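**Student:** First the structure, then my questions, so here it is.
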Amino acid sequence: MQAKPPAAPASTALSDEQTLAALRAGDERAFRDLFARSYPMMKRVARAYVASDAVAEEIVQETWMAIVTGIDRFEGRSALGTWIFSILTNQAKTHSARESRAVPFSCVAPSDAEEPTVDPDRFQKDDDAWPGHWATPPRPWQKPERRLLALETRDRLKAALAQLPDRQRTIVALRDVEGHSAEEVCDLLGLSQENQRVLLHRGRSRLRAVLEEYLDAADV
Amino acid sequence: MHDSGPPHNGHSASESEPPIDEITCQQFVELVTEYFEGALQAHTLSQVEEHLVMCDWCVTYVQQMQATISSLRELRQERTPEPPDPVLAALRARREGEA
């Protein structure tokens with residue numbers, strides 16, 4: 001598949017050229033707009049490299065400082081979004097090294113690929129009547145729309161998302177919370193489609209299990 | 001605790017089509033994201049769709065995964081992020097330098 005530049009900062013009413021001209025002219029309105037559109041994705045990506053939201057925010061701020069002060073060095077050889085995210089990931093890697101953390105997306109760890117989606121004990125065993133089929137099947141959630149929108153359920157889901165392993169959390173947040181496409185996320189993080197899907201699947205599956213446990217307990 | 005009876009509630013492939021080797025529920029749950037992403041090969045896609053026709057429990061599982069994804073979307077912060085003051089100051093300094 002043809003690689004495309006990350007579209008988050010560039011997917012705008014303004015072209016790269018217009019955005020660049022506005023930034024070089026110090027156009028505050030255009031800058032605020034670009035910042036607001038790019039910030040969620042930038043913070044999620046930065047957070048994959050470091051241990052806290054506060055440091056991720058610091059990395060985003062450093063990145064924007066580098067963009068504002070260094071915009072004249074941008075030669076347009078890559079898309080503006082690619083340039084912005086290359087600065088971001090470089091800043092993030094520096095912080096990551098300072099924290100002695102592993103670079104997060106260099107590979108998919110075996111634990112990501114091998115972790116079962118659902119507890120194997122919930123399926124029938126080889127000597128049961130229907131091996132591999134549900135022994136303890138999921139129960140339909142009652143009034144899911146209302147209950148899933150309840151503040152307590154959202155808080156539970158938010159906490160569970162925060163507790164996912166770094167890579168799973170980043171992918172789920174970029175895809176399902178922020179709504180970015182698989183192509184954008186893969187290009188941005190240098191991930192293959194397959195590895196992206198493994199991480200997304202593991203993350204989503206864990207979160208479904210958390211909601212299931214919570215909602216089933218509430219039904220008892 | 002649920003009954004652990006046979007999961008199937010329908011028939012296998014129709015008489016006019018060649019039979020598809022069935023997958024188990026345990027195999028099915030591993031394929032859900034690839035199914036949502038449109039990333040399954042034609043043969044596996046047929047297995048998944050055939051399984052969904054026959055297994056209400058896995059339909060429930062799929063509905064729960066879809067509900068989980070929809071709920072995640074609700075976590076998106078609608079507040080417009082504001083640039084930090086030092087960055088705005090650098091932008092203004094840049095503008096004044098140009099003037």
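Following the order of the structure tokens, chains are lettered A, B, ..., residues in each are numbered from 1, and ligands are numbered from 1.
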Contacts from chain B to chain A, 9 Å maximum, only C-alpha atoms: show me the residue list as a ChimeraX atom specification.
**Tutor:** /B:1-7,23-27,29-34,37,39,57-58,60-61,63-65,67-77,80-84,86-88,90-96,98
**Student:** Enumerate, as number ranges by chain, the complete set of residues in segment 7-169 of chain A that a backbone-based DSSP assignment places in alpha helix (DSSP H).
**Tutor:** A: 16-24, 28-49, 53-70, 80-98, 110-114, 144-149, 151-163, 166-169
**Student:** Neighbouring residues of Leu174 of chain A were defined as those with any atom within 8 Å, considering only C-alpha atoms; residues of the same chain fewer than 6 positions away were excluded. Please report them as a PyMOL selection string.
**Tutor:** chain A and resi 41+44+180+185
**Student:** Write out, as a compact mmCIF listing (two decimals), in the first residue's frame, the residues just selected, with N, CA and C atoms.
**Tutor:**
# COMPACT_ATOMS: atom_id res chain seq x y z
N MET A 41 -3.85 14.17 19.07
CA MET A 41 -3.03 13.10 18.50
C MET A 41 -1.58 13.23 18.98
N ARG A 44 -1.31 12.02 22.59
CA ARG A 44 -1.43 10.55 22.67
C ARG A 44 -0.13 9.88 22.21
N HIS A 180 -8.96 8.43 14.41
CA HIS A 180 -8.05 8.44 13.26
C HIS A 180 -8.11 7.09 12.52
N VAL A 185 -2.59 6.12 11.53
CA VAL A 185 -1.90 5.64 12.73
C VAL A 185 -0.66 4.83 12.35
**Student:** Quick one: pull the distance between atom CA of Asp56 of chain B and atom CA of Asp127 of chain A, Å, one decimal.
**Tutor:**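 Answer for the atom CA of Asp56 of chain B to atom CA of Asp127 of chain A separation: 22.8 Å.
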**Student:** What is the atom CA of Ile59 of chain A to atom CA of Leu189 of chain A distance in Å?
**Tutor:**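 Value for the atom CA of Ile59 of chain A-atom CA of Leu189 of chain A distance: 16.3 Å.
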